[in-house]
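Colleague: Quick one: structure below, then a few questions.
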Amino acid sequence: MDKVLVLDFGGQYNQLVARRVRECNVYCEIYSYKTDIETIKGMGLKGIILTGGPNSCYEEGAPTYSRELFEMGIPVLGLCYGAQMMQHVLGGRVERASVQEYGKTPVTVDTTSPLFEGVPAETICWMSHFDYISAMGEGFKSIAHTKDCPVAACSDESRSLYGIQFHPEVLHTPCGTKMIYNFVRNICGCSGDWRMDSFVETAINEIRNKVGDKKVLLGLSGGVDSSVAAALISRAVGKQLTCVFVDHGLLRKNEGDEVEAVFGEGGIFDLNFVRVNAQHRFYVKLAGENEPERKRKIIGAEFIRVFEEEAKKIGTVDFLAQGTIYPDVVESGLGGESAVIKSHHNVGGLPDYVDFKEILEPLRNLFKDEVRKAGLELGIPAHLVFRQPFPGPGLGIRIIGDITEDKVRIVQDADYIFRSEVYNALKAYESENASVAPWKPDQYYAALTNVRSVGVMGDERTYDYAVALRAVKTTDFMTAEAADIPFDVLQIVMNRIIKEVRGVNRVFFDLTSKPPGTIELE
Ligand code: XMP
C-alpha cells in the first residue's frame with residue numbers, strides 16, 4: 001500500500017492534513033519532526049508533507065530538518081511553516097512580514113503547475129502567517145501570489161519540492177483538497193489504494209493471524225468505536241470473541257435493547273455477548289450524590305468493578321480488545337508533535353483489572369469517518385454507525401443533582417421525543433430541499449434540570465420538573481453554538497414532552513454557546 005508521511009511541526013491542523021490525504025484514498029501517518037532520517041528512509045514512502053507550526057524558522061532552536069530530507073528523491077510538500085522551513089534549509093530567506101495575512105484571501109495560482117492542475121487561476125485561500133518567504137532557494141520559482149505575499153506557493157519541479165504558504169487542508173480554502181490530491185496522486189504517484197473495503201479485508205486477516213485460536217475480550221459500550229471493533233474481530237475469529245456490555249441504567253431509552261439486537265443472540269454477528277444489567281447497583285451507589293465530578297467517579301469506578309467481575313467469570317483471556325482510534329493515539333502525544341491535548345484512557349494505560357496477555361486495537365490507524373465507513377462495510381446498521389457522541393457517564397451527567405430511577409425515566413422519555421422529532425424534521429427538510437438542513441445539530445439531547453416549578457394542567461395546579469433541551473453545532477466539540485432549530489419543531493417537542501412525560505410541566509431550550517457553557521450540563 002502506498003504511504004505518505006505527515007511530518008508534524010506542531011501545527012494545529014496536523015490531523016486535518018492527514019484526513020485530507022486519506023480522503024484522496026492515500027494512506028498516511030503522522031510523525032514528529034524529531035523522527036530521524038534513517039527511520040523515515042525505512043518507511044517506504046511515496047511522499048512527505050511538512051505541516052505548519054507556531055514557530056519562526058529563523059529563530060534559534062526552531063523545529064527544523066536536515067537537507068537530507070529533501071535529497072531522498074521523494075516528493076515533499078511544505079505547508080505554511082513547513083514551506084518556510086524548506087526554504088530556510090534550501091537557501092531561501094524567511095522574514096517577518098510587514099503585512100500579516102489572516103483569513104480568507106484571494107490568490108492567483110499558476111495553473112500550469114502540477115500542484116494547481118484543475119484549480120482556477122483566481123481562487124481563495126486561508127492564510128494565517130506572520131513570516132513570509134522573501135527569497136527562494138536556487139531552483140525554486142513562485143507559482144502563486146496574493147496582494148501582500150509574493151510567494152504564496154513555490155516549486156522546484158525537477159526535484160519534486162513544493163511549498164504552500166496558506167492552508168489547503170482547511171475547508172476555507174475551497175480548492176485545497178484538489179491541491180492535496182494533485183500532490184499525493186499526481187506528483188507522488190500514489191494509486192489511491194487506501195479504501196475501506198480493502199482495509200476491512202486486510203484487518204480481518206491480520207486479526208486472524210494474530211489471534212490464532214486464542215480468546216479475546218472486549219468491553220462494548222454501544223458507541224461507534226467499540227461496535228466497529230467488535231464487528232471486525234467477530235468477522236475474524238467469531239466466538240473466540242466475548243463482548244461484555246454493561247447496562248449502567250444511564251443509557252438512552254431502548255439503547256441497551258438496540259445494542260443487544262445487533263450484537264446479541266440472533267443478531268448479525270457471531271460472538272459471545274454478555275449483557276450485564278447492573279442498573280440497580282449504579283442507582284444505589286449514586287443515591288443522594290449531587291456533585292458532578294463525584295458522580296462521574298462513582299459511575300466510572302462501578303463500571304470497572306462490574307466489568308472486572310464479568311472478566312473474572314470468563315477467566316484468563318489472551319487479548320483485551322479496545323476501540324482506540326487514530327486521534328486518540330495522536331492526541332496522547334504518541335503520533336505527532338502537537339502538545340498532549342488529553343491523556344486518553346484508551347492509550348498507554350492498560351487496565352490492570354483484567355487478566356490478559358496482549359492488547360488488540362484494530363482501529364488504531366483510523367479516523368472517525370473511516371471507522372464509520374468500516375462499520376457500514378461490516379453491516380452495522382446506520383443508526384448505530386452515525387450515532388451522535390454520548391458521554392461514558394451517560395444520563396448521569398444529564399440529570400442535574402442527585403439521580404433517581406424516576407428521574408432517569410423522565411430524561412429518557414423526554415430525550416426520546418426530542419430526538420425523534422428532530423429526526424423527523426431533518427428528514428422532512430431533506431426531502432423538500434434535497435440538502436441537509438443548515439441547523440442540523442452535531443449533538444442534541446434532553447436533560448433534567450433539578451428545578452421544580454408551579455404550573456397548571458387541566459384545572460389542576462402542578463409542581464413538577466423542568467426539562468432542558470440542548471442542541472449544538474460544532475466541528476471539534478471544543479467550541480460550539482446553539483443549533484438554530486426551527487421554533488415550530490421546538491414547539492412540537494415541548495407539547496409532546498408536557499403531554500407524554502409524567503412529572504414534567506416546563507421545557508427550556510438552552511441557548512448558551514461553548515464557551516462559556518459546556519455541551520453537557522454537568
Ligand atoms: P463538554 O460538556 O465538555 O462536552 O462541552 C464535550 C464533548 O465531550 C462529551 N463529554 C464526555 N464524554 N465522558 C465522556 O465520555 C464524560 O465525562 C464527558 N463529559 C462530556 C460531551 O458529550 C461532548 O460530546
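Ligands are numbered from 1 in the order shown, chains are lettered A, B, ... in the order of the C-alpha cells, and residues start at 1 in each chain.
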With only C-alpha atoms and all ligand atoms counted and 6 Å as the cut-off, give the residues of chain A in contact with ligand 1, each with its shortest interatomic distance in Å and the pair that gives it, as a tab-separated table.
Modeller:
residue	atom	partner	partner_atom_place_in_ligand_line	distance
A:Pro389	CA	ligand 1	24 (O)	5.2
A:Phe390	CA	ligand 1	22 (O)	5.1
A:Pro391	CA	ligand 1	12 (N)	3.5
A:Gly392	CA	ligand 1	15 (O)	3.8
A:Pro393	CA	ligand 1	17 (O)	5.7
A:Phe477	CA	ligand 1	6 (C)	5.2
A:Thr518	CA	ligand 1	5 (O)	3.6
A:Ile519	CA	ligand 1	5 (O)	3.6
A:Glu520	CA	ligand 1	2 (O)	3.6
Colleague: Those same residues, written as a short mmCIF file (atom, residue, chain, number, x, y, z; two decimals), in the first residue's frame with all heavy atoms?
Modeller:
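New file result.cif:
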data_model
loop_
_atom_site.label_atom_id
_atom_site.label_comp_id
_atom_site.auth_asym_id
_atom_site.auth_seq_id
_atom_site.Cartn_x
_atom_site.Cartn_y
_atom_site.Cartn_z
N PRO A 389 -22.28 11.62 19.53
CA PRO A 389 -21.47 11.25 20.69
C PRO A 389 -22.34 11.16 21.95
O PRO A 389 -23.28 11.93 22.11
CB PRO A 389 -20.47 12.39 20.83
CG PRO A 389 -20.72 13.34 19.73
CD PRO A 389 -21.88 12.90 18.93
N PHE A 390 -22.00 10.21 22.78
CA PHE A 390 -22.74 10.03 24.03
C PHE A 390 -21.71 9.81 25.13
O PHE A 390 -20.85 8.95 25.01
CB PHE A 390 -23.67 8.82 23.89
CG PHE A 390 -24.59 8.64 25.07
CD1 PHE A 390 -25.56 9.58 25.36
CD2 PHE A 390 -24.47 7.53 25.90
CE1 PHE A 390 -26.40 9.43 26.45
CE2 PHE A 390 -25.32 7.36 26.99
CZ PHE A 390 -26.29 8.31 27.27
N PRO A 391 -21.77 10.61 26.21
CA PRO A 391 -20.71 10.50 27.22
C PRO A 391 -20.74 9.18 27.97
O PRO A 391 -21.80 8.60 28.17
CB PRO A 391 -21.02 11.67 28.17
CG PRO A 391 -22.46 11.97 27.96
CD PRO A 391 -22.79 11.61 26.54
N GLY A 392 -19.56 8.74 28.40
CA GLY A 392 -19.45 7.49 29.16
C GLY A 392 -20.37 7.46 30.38
O GLY A 392 -21.08 6.47 30.58
N PRO A 393 -20.41 8.54 31.19
CA PRO A 393 -21.30 8.51 32.36
C PRO A 393 -22.78 8.65 31.99
O PRO A 393 -23.65 8.66 32.86
CB PRO A 393 -20.85 9.73 33.19
CG PRO A 393 -19.57 10.18 32.59
CD PRO A 393 -19.56 9.74 31.17
N PHE A 477 -16.10 19.97 19.01
CA PHE A 477 -16.65 19.79 20.36
C PHE A 477 -15.87 20.60 21.42
O PHE A 477 -16.14 20.47 22.60
CB PHE A 477 -16.75 18.30 20.74
CG PHE A 477 -17.72 17.57 19.85
CD1 PHE A 477 -17.30 17.02 18.64
CD2 PHE A 477 -19.06 17.48 20.19
CE1 PHE A 477 -18.20 16.39 17.79
CE2 PHE A 477 -19.97 16.84 19.36
CZ PHE A 477 -19.53 16.30 18.16
N THR A 518 -20.61 24.55 28.71
CA THR A 518 -20.07 23.32 28.12
C THR A 518 -21.23 22.67 27.38
O THR A 518 -22.37 23.13 27.48
CB THR A 518 -19.52 22.36 29.19
OG1 THR A 518 -20.51 22.22 30.20
CG2 THR A 518 -18.24 22.89 29.79
N ILE A 519 -20.94 21.61 26.63
CA ILE A 519 -22.03 20.96 25.90
C ILE A 519 -22.93 20.19 26.87
O ILE A 519 -24.15 20.32 26.83
CB ILE A 519 -21.46 20.04 24.79
CG1 ILE A 519 -20.76 20.90 23.74
CG2 ILE A 519 -22.58 19.21 24.16
CD1 ILE A 519 -20.03 20.14 22.66
N GLU A 520 -22.31 19.44 27.75
CA GLU A 520 -23.11 18.78 28.79
C GLU A 520 -23.40 19.80 29.90
O GLU A 520 -22.70 20.80 30.04
CB GLU A 520 -22.33 17.59 29.37
CG GLU A 520 -21.94 16.52 28.35
CD GLU A 520 -23.13 15.78 27.76
OE1 GLU A 520 -24.24 15.89 28.32
OE2 GLU A 520 -22.95 15.10 26.74
#
Colleague: Can you tell me, as a PyMOL selection string, what residues are no more than 6 Å from region 433-444 of chain A when counting only C-alpha atoms, ignoring any on the same chain fewer than 3 positions away?
Modeller: chain A and resi 388+429-430+470-473+483-485
Colleague: Just list as a PyMOL selection string whatever in region 14-114 of chain A DSSP marks as helix (DSSP H, G or I).
Modeller: chain A and resi 14-23+37-41+67-71+81-89+114
Colleague: Selection from above, C-alpha atoms, as a PDB file, in the first residue's frame, can you write it?
Modeller:
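Output below, filename out08.pdb:
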ATOM      1  CA  ASN A  14      -1.853  18.201  11.604  1.00  0.00           C
ATOM      2  CA  GLN A  15      -4.769  15.765  11.857  1.00  0.00           C
ATOM      3  CA  LEU A  16      -6.690  17.715   9.257  1.00  0.00           C
ATOM      4  CA  VAL A  17      -3.794  17.374   6.807  1.00  0.00           C
ATOM      5  CA  ALA A  18      -3.766  13.614   7.382  1.00  0.00           C
ATOM      6  CA  ARG A  19      -7.529  13.345   6.966  1.00  0.00           C
ATOM      7  CA  ARG A  20      -7.436  15.216   3.665  1.00  0.00           C
ATOM      8  CA  VAL A  21      -4.730  12.883   2.370  1.00  0.00           C
ATOM      9  CA  ARG A  22      -6.824   9.866   3.364  1.00  0.00           C
ATOM     10  CA  GLU A  23      -9.851  11.404   1.626  1.00  0.00           C
ATOM     11  CA  ILE A  37      16.197  10.278   8.781  1.00  0.00           C
ATOM     12  CA  GLU A  38      17.032   6.571   8.860  1.00  0.00           C
ATOM     13  CA  THR A  39      13.557   5.765  10.215  1.00  0.00           C
ATOM     14  CA  ILE A  40      11.994   7.930   7.522  1.00  0.00           C
ATOM     15  CA  LYS A  41      14.090   6.255   4.809  1.00  0.00           C
ATOM     16  CA  ARG A  67      18.827  18.846   3.897  1.00  0.00           C
ATOM     17  CA  GLU A  68      18.828  15.072   3.542  1.00  0.00           C
ATOM     18  CA  LEU A  69      15.060  15.057   3.816  1.00  0.00           C
ATOM     19  CA  PHE A  70      14.880  16.954   0.520  1.00  0.00           C
ATOM     20  CA  GLU A  71      17.580  14.883  -1.165  1.00  0.00           C
ATOM     21  CA  TYR A  81       5.753  26.782   8.448  1.00  0.00           C
ATOM     22  CA  GLY A  82       6.746  23.649   6.534  1.00  0.00           C
ATOM     23  CA  ALA A  83       7.143  25.712   3.339  1.00  0.00           C
ATOM     24  CA  GLN A  84       9.165  28.388   5.138  1.00  0.00           C
ATOM     25  CA  MET A  85      11.378  25.840   6.839  1.00  0.00           C
ATOM     26  CA  MET A  86      12.056  24.150   3.500  1.00  0.00           C
ATOM     27  CA  GLN A  87      13.179  27.476   2.027  1.00  0.00           C
ATOM     28  CA  HIS A  88      15.248  28.302   5.104  1.00  0.00           C
ATOM     29  CA  VAL A  89      17.122  24.990   4.786  1.00  0.00           C
ATOM     30  CA  PRO A 114       1.044  20.178 -11.499  1.00  0.00           C
TER      31      PRO A 114
END
Colleague: Counting only C-alpha atoms, give me one row per residue of region 371-415 of chain A with an atom at most 12 Å from an atom of region 489-494 of chain A, showing the shortest contact pair and its distance in Å to one decimal, sorted by chain then residue number, as a tab-separated table.
Modeller:
residue	atom	partner	partner_atom	distance
A:Asp413	CA	A:Val493	CA	11.4
A:Ala414	CA	A:Val493	CA	8.5
A:Asp415	CA	A:Val493	CA	9.6
Colleague: List the spatial neighbours of region 233-242 of chain A as a compact mmCIF listing (two decimals) with N, CA and C atoms, in the first residue's frame - criterion: any atom at most 9 Å away, only C-alpha atoms, same-chain residues fewer than 5 positions off excluded.
Modeller:
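Writing done, so here's part-v9.txt:
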# COMPACT_ATOMS: atom_id res chain seq x y z
N ALA A 203 -7.65 -6.09 7.63
CA ALA A 203 -7.70 -6.12 9.09
C ALA A 203 -8.20 -7.48 9.58
N ILE A 204 -9.20 -8.02 8.92
CA ILE A 204 -9.72 -9.34 9.32
C ILE A 204 -8.61 -10.39 9.23
N ASN A 205 -7.86 -10.36 8.14
CA ASN A 205 -6.75 -11.34 8.01
C ASN A 205 -5.69 -11.15 9.08
N GLU A 206 -5.38 -9.87 9.36
CA GLU A 206 -4.35 -9.60 10.38
C GLU A 206 -4.79 -10.09 11.76
N ILE A 207 -6.07 -9.82 12.08
CA ILE A 207 -6.59 -10.25 13.39
C ILE A 207 -6.54 -11.78 13.48
N ARG A 208 -6.95 -12.44 12.39
CA ARG A 208 -6.95 -13.91 12.35
C ARG A 208 -5.53 -14.45 12.61
N VAL A 211 -4.47 -13.54 16.37
CA VAL A 211 -5.23 -14.18 17.46
C VAL A 211 -5.13 -15.71 17.38
N GLY A 212 -5.03 -16.25 16.19
CA GLY A 212 -4.96 -17.71 16.06
C GLY A 212 -6.20 -18.34 16.67
N ASP A 213 -6.00 -19.29 17.61
CA ASP A 213 -7.18 -19.93 18.22
C ASP A 213 -7.40 -19.44 19.65
N LYS A 214 -6.88 -18.24 19.94
CA LYS A 214 -6.95 -17.74 21.32
C LYS A 214 -8.22 -16.92 21.59
N LYS A 215 -8.35 -16.49 22.87
CA LYS A 215 -9.58 -15.80 23.29
C LYS A 215 -9.42 -14.28 23.39
N VAL A 216 -10.48 -13.56 23.01
CA VAL A 216 -10.46 -12.09 23.04
C VAL A 216 -11.63 -11.58 23.88
N LEU A 217 -11.36 -10.55 24.69
CA LEU A 217 -12.43 -9.92 25.48
C LEU A 217 -12.54 -8.45 25.07
N LEU A 218 -13.77 -7.99 24.91
CA LEU A 218 -13.98 -6.58 24.53
C LEU A 218 -15.11 -5.98 25.36
N GLY A 219 -14.87 -4.81 25.90
CA GLY A 219 -15.93 -4.06 26.58
C GLY A 219 -16.71 -3.27 25.55
N VAL A 228 -17.63 -1.08 16.12
CA VAL A 228 -16.92 -1.45 14.89
C VAL A 228 -15.79 -2.43 15.22
N PHE A 269 -23.97 -10.73 14.22
CA PHE A 269 -22.56 -11.10 14.39
C PHE A 269 -22.41 -12.37 15.21
N ASP A 270 -21.38 -13.13 14.85
CA ASP A 270 -21.10 -14.38 15.52
C ASP A 270 -20.10 -14.09 16.65
N LEU A 271 -20.59 -14.03 17.88
CA LEU A 271 -19.70 -13.76 19.02
C LEU A 271 -20.46 -14.13 20.30
N ASN A 272 -19.73 -14.18 21.42
CA ASN A 272 -20.41 -14.37 22.71
C ASN A 272 -20.75 -13.00 23.26
N PHE A 273 -22.02 -12.79 23.55
CA PHE A 273 -22.46 -11.49 24.02
C PHE A 273 -22.96 -11.62 25.45
N VAL A 274 -22.36 -10.85 26.34
CA VAL A 274 -22.79 -10.87 27.74
C VAL A 274 -23.34 -9.49 28.09
N ILE A 314 -15.14 -15.09 33.07
CA ILE A 314 -14.65 -15.62 31.78
C ILE A 314 -13.28 -16.27 31.98
N ALA A 321 -9.41 -6.42 23.77
CA ALA A 321 -9.57 -5.56 22.61
C ALA A 321 -10.11 -4.20 23.03
N PRO A 362 -7.70 -2.90 16.69
CA PRO A 362 -7.74 -2.97 15.23
C PRO A 362 -8.07 -1.65 14.53
N LEU A 378 -19.07 -3.44 7.33
CA LEU A 378 -19.25 -4.64 8.13
C LEU A 378 -20.72 -4.97 8.40
Colleague: Give the answer as one residue: which of A:Ala301, A:Ile380, A:Ala144, A:Cys188 has the shortest atom-to-atom distance to Thr112 (chain A), using only C-alpha atoms?
Modeller: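 Going through A:Ala301, A:Ile380, A:Ala144, A:Cys188 one by one, the smallest distance to Thr112 (chain A) is for A:Ala144.
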Colleague: In Å, rounded to a single decimal, give me how far CA of Glu522 (chain A) is from CA of Leu426 (chain A).
Modeller: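 One can read the CA of Leu426 (chain A) to CA of Glu522 (chain A) distance as 27.7 Å.
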Colleague: Just list as a PyMOL selection string whatever in region 212-429 of chain A DSSP marks as strand (DSSP E or B).
Modeller: chain A and resi 216-220+241-247+272-277+317-321+356-360+399
Colleague: With N, CA and C atoms retained, could you export that selection as an mmCIF file, in the first residue's frame?
Modeller:
data_model
loop_
_atom_site.group_PDB
_atom_site.id
_atom_site.type_symbol
_atom_site.label_atom_id
_atom_site.label_comp_id
_atom_site.auth_asym_id
_atom_site.auth_seq_id
_atom_site.Cartn_x
_atom_site.Cartn_y
_atom_site.Cartn_z
ATOM 1 N N VAL A 216 -10.483 -13.559 23.010
ATOM 2 C CA VAL A 216 -10.456 -12.090 23.040
ATOM 3 C C VAL A 216 -11.634 -11.576 23.875
ATOM 4 N N LEU A 217 -11.357 -10.553 24.686
ATOM 5 C CA LEU A 217 -12.426 -9.924 25.477
ATOM 6 C C LEU A 217 -12.541 -8.454 25.074
ATOM 7 N N LEU A 218 -13.773 -7.989 24.910
ATOM 8 C CA LEU A 218 -13.982 -6.583 24.528
ATOM 9 C C LEU A 218 -15.110 -5.978 25.363
ATOM 10 N N GLY A 219 -14.873 -4.807 25.902
ATOM 11 C CA GLY A 219 -15.932 -4.059 26.582
ATOM 12 C C GLY A 219 -16.710 -3.267 25.545
ATOM 13 N N LEU A 220 -17.969 -3.631 25.334
ATOM 14 C CA LEU A 220 -18.783 -2.983 24.299
ATOM 15 C C LEU A 220 -19.640 -1.914 24.966
ATOM 16 N N LEU A 241 -14.370 -14.422 20.398
ATOM 17 C CA LEU A 241 -14.566 -13.085 20.970
ATOM 18 C C LEU A 241 -15.753 -13.083 21.929
ATOM 19 N N THR A 242 -15.517 -12.536 23.125
ATOM 20 C CA THR A 242 -16.622 -12.296 24.060
ATOM 21 C C THR A 242 -16.745 -10.795 24.279
ATOM 22 N N CYS A 243 -17.958 -10.280 24.075
ATOM 23 C CA CYS A 243 -18.197 -8.856 24.317
ATOM 24 C C CYS A 243 -19.014 -8.714 25.584
ATOM 25 N N VAL A 244 -18.544 -7.865 26.476
ATOM 26 C CA VAL A 244 -19.300 -7.595 27.693
ATOM 27 C C VAL A 244 -19.912 -6.208 27.572
ATOM 28 N N PHE A 245 -21.222 -6.161 27.661
ATOM 29 C CA PHE A 245 -21.944 -4.897 27.556
ATOM 30 C C PHE A 245 -22.594 -4.597 28.906
ATOM 31 N N VAL A 246 -22.110 -3.556 29.552
ATOM 32 C CA VAL A 246 -22.630 -3.207 30.878
ATOM 33 C C VAL A 246 -23.736 -2.158 30.722
ATOM 34 N N ASP A 247 -24.947 -2.516 31.107
ATOM 35 C CA ASP A 247 -26.025 -1.524 31.121
ATOM 36 C C ASP A 247 -26.047 -0.892 32.508
ATOM 37 N N ASN A 272 -19.727 -14.182 21.424
ATOM 38 C CA ASN A 272 -20.407 -14.368 22.706
ATOM 39 C C ASN A 272 -20.747 -13.003 23.261
ATOM 40 N N PHE A 273 -22.021 -12.791 23.546
ATOM 41 C CA PHE A 273 -22.461 -11.485 24.017
ATOM 42 C C PHE A 273 -22.959 -11.616 25.450
ATOM 43 N N VAL A 274 -22.356 -10.848 26.341
ATOM 44 C CA VAL A 274 -22.789 -10.872 27.739
ATOM 45 C C VAL A 274 -23.341 -9.491 28.086
ATOM 46 N N ARG A 275 -24.631 -9.461 28.389
ATOM 47 C CA ARG A 275 -25.211 -8.181 28.824
ATOM 48 C C ARG A 275 -25.352 -8.220 30.344
ATOM 49 N N VAL A 276 -24.800 -7.224 30.987
ATOM 50 C CA VAL A 276 -24.901 -7.170 32.442
ATOM 51 C C VAL A 276 -25.884 -6.066 32.804
ATOM 52 N N ASN A 277 -27.008 -6.462 33.357
ATOM 53 C CA ASN A 277 -27.992 -5.456 33.764
ATOM 54 C C ASN A 277 -27.680 -4.993 35.177
ATOM 55 N N VAL A 317 -7.941 -14.365 29.573
ATOM 56 C CA VAL A 317 -8.084 -14.230 28.118
ATOM 57 C C VAL A 317 -6.709 -13.870 27.554
ATOM 58 N N ASP A 318 -6.554 -14.103 26.259
ATOM 59 C CA ASP A 318 -5.258 -13.817 25.664
ATOM 60 C C ASP A 318 -5.169 -12.359 25.232
ATOM 61 N N PHE A 319 -6.298 -11.836 24.740
ATOM 62 C CA PHE A 319 -6.301 -10.461 24.224
ATOM 63 C C PHE A 319 -7.419 -9.647 24.855
ATOM 64 N N LEU A 320 -7.082 -8.410 25.217
ATOM 65 C CA LEU A 320 -8.117 -7.451 25.579
ATOM 66 C C LEU A 320 -8.227 -6.480 24.403
ATOM 67 N N ALA A 321 -9.406 -6.419 23.775
ATOM 68 C CA ALA A 321 -9.567 -5.558 22.605
ATOM 69 C C ALA A 321 -10.107 -4.200 23.031
ATOM 70 N N PHE A 356 -5.177 -10.476 31.170
ATOM 71 C CA PHE A 356 -4.985 -10.699 29.737
ATOM 72 C C PHE A 356 -3.507 -10.570 29.399
ATOM 73 N N LYS A 357 -3.147 -11.059 28.212
ATOM 74 C CA LYS A 357 -1.722 -11.056 27.858
ATOM 75 C C LYS A 357 -1.354 -9.928 26.895
ATOM 76 N N GLU A 358 -2.289 -9.598 26.013
ATOM 77 C CA GLU A 358 -1.930 -8.627 24.971
ATOM 78 C C GLU A 358 -3.127 -7.753 24.628
ATOM 79 N N ILE A 359 -2.822 -6.569 24.107
ATOM 80 C CA ILE A 359 -3.899 -5.659 23.736
ATOM 81 C C ILE A 359 -4.141 -5.768 22.225
ATOM 82 N N LEU A 360 -5.388 -5.643 21.818
ATOM 83 C CA LEU A 360 -5.731 -5.718 20.394
ATOM 84 C C LEU A 360 -6.505 -4.449 20.038
ATOM 85 N N ILE A 399 -28.613 14.665 34.341
ATOM 86 C CA ILE A 399 -29.610 14.861 35.391
ATOM 87 C C ILE A 399 -28.894 15.720 36.425
#
Colleague: Would you list the contacts of Gln412 (chain A) as a PyMOL selection string, taking every protein, DNA or RNA residue within 9 Å and counting only C-alpha atoms, but skipping same-chain residues closer than 4 positions in sequence?
Modeller: chain A and resi 250-254+395+407-408+416-417+446-447
Colleague: Write out as a list in words the residues lying within 9 Å of Tyr13 (chain A), counting only C-alpha atoms and excluding same-chain residues fewer than 5 positions away.
Modeller: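 My reading of the contact set: Ala18, Thr51, Gly52, Gly53, His167, Glu169 and Val170 of chain A.
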Colleague: Excluding Arg96 (chain A) and residues on its chain fewer than 6 positions from it, collect all residues at most 10 Å away from it, counting only C-alpha atoms, and give them as a ChimeraX atom specification.
Modeller: /A:56,58,129-134
Colleague: Once you have the residues from the selection above, write them out as a PDB file, in the first residue's frame, restricted to N, CA and C atoms.
Modeller:
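Result went into result-v1.pdb, see below:
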ATOM      1  N   SER A  56       8.983  30.580  14.330  1.00  0.00           N
ATOM      2  CA  SER A  56       9.630  31.255  13.204  1.00  0.00           C
ATOM      3  C   SER A  56      10.883  30.451  12.902  1.00  0.00           C
ATOM      4  N   TYR A  58      13.630  30.989  11.467  1.00  0.00           N
ATOM      5  CA  TYR A  58      14.971  31.574  11.588  1.00  0.00           C
ATOM      6  C   TYR A  58      15.393  31.758  13.044  1.00  0.00           C
ATOM      7  N   HIS A 129      -0.350  33.726   8.812  1.00  0.00           N
ATOM      8  CA  HIS A 129       1.114  33.746   8.990  1.00  0.00           C
ATOM      9  C   HIS A 129       1.650  35.130   9.346  1.00  0.00           C
ATOM     10  N   PHE A 130       2.740  35.115  10.103  1.00  0.00           N
ATOM     11  CA  PHE A 130       3.461  36.344  10.452  1.00  0.00           C
ATOM     12  C   PHE A 130       4.682  36.500   9.553  1.00  0.00           C
ATOM     13  N   ASP A 131       5.302  35.356   9.215  1.00  0.00           N
ATOM     14  CA  ASP A 131       6.512  35.369   8.405  1.00  0.00           C
ATOM     15  C   ASP A 131       6.168  35.142   6.939  1.00  0.00           C
ATOM     16  N   TYR A 132       7.095  35.502   6.053  1.00  0.00           N
ATOM     17  CA  TYR A 132       6.874  35.192   4.642  1.00  0.00           C
ATOM     18  C   TYR A 132       8.205  34.836   3.985  1.00  0.00           C
ATOM     19  N   ILE A 133       8.092  34.187   2.825  1.00  0.00           N
ATOM     20  CA  ILE A 133       9.286  33.805   2.077  1.00  0.00           C
ATOM     21  C   ILE A 133       9.687  35.013   1.227  1.00  0.00           C
ATOM     22  N   SER A 134      10.801  35.659   1.591  1.00  0.00           N
ATOM     23  CA  SER A 134      11.193  36.866   0.858  1.00  0.00           C
ATOM     24  C   SER A 134      12.147  36.528  -0.288  1.00  0.00           C
TER      25      SER A 134
END
Colleague: Find the residues around Thr123 (chain A) up to 9 Å (only C-alpha atoms counted), leave out those fewer than 3 positions away in its own chain, and share them as a PyMOL selection string.
Modeller: chain A and resi 105-109+119-120+173-175
Colleague: Restricted to N, CA and C atoms, what would the selected residues look like written as a compact mmCIF listing (two decimals), in the first residue's frame?
Modeller:
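Writing the result to out10.txt gives the following:
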# COMPACT_ATOMS: atom_id res chain seq x y z
N THR A 105 -8.30 34.81 1.72
CA THR A 105 -7.52 35.77 0.93
C THR A 105 -7.56 35.36 -0.54
N PRO A 106 -7.85 36.30 -1.46
CA PRO A 106 -7.79 35.96 -2.89
C PRO A 106 -6.34 35.64 -3.29
N VAL A 107 -6.17 34.61 -4.09
CA VAL A 107 -4.83 34.19 -4.51
C VAL A 107 -4.84 33.88 -6.01
N THR A 108 -3.74 34.21 -6.67
CA THR A 108 -3.60 33.89 -8.09
C THR A 108 -2.61 32.74 -8.21
N VAL A 109 -3.03 31.65 -8.85
CA VAL A 109 -2.13 30.49 -8.94
C VAL A 109 -1.73 30.21 -10.39
N VAL A 119 -7.30 23.76 -10.87
CA VAL A 119 -7.68 24.82 -9.92
C VAL A 119 -7.82 26.11 -10.73
N PRO A 120 -8.89 26.91 -10.49
CA PRO A 120 -9.00 28.17 -11.23
C PRO A 120 -7.83 29.11 -10.90
N THR A 173 -10.21 26.99 2.31
CA THR A 173 -9.52 27.02 1.01
C THR A 173 -10.30 26.07 0.10
N PRO A 174 -11.24 26.61 -0.70
CA PRO A 174 -12.20 25.73 -1.38
C PRO A 174 -11.53 24.69 -2.29
N CYS A 175 -10.41 25.03 -2.93
CA CYS A 175 -9.76 24.05 -3.82
C CYS A 175 -8.61 23.33 -3.11
Colleague: Tell me which of A:Met136, A:Val422, A:Val99, A:Ala152 sits closest to Cys80 (chain A), counting only C-alpha atoms.
Modeller: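 For Cys80 (chain A), the nearest of the candidates is A:Ala152.
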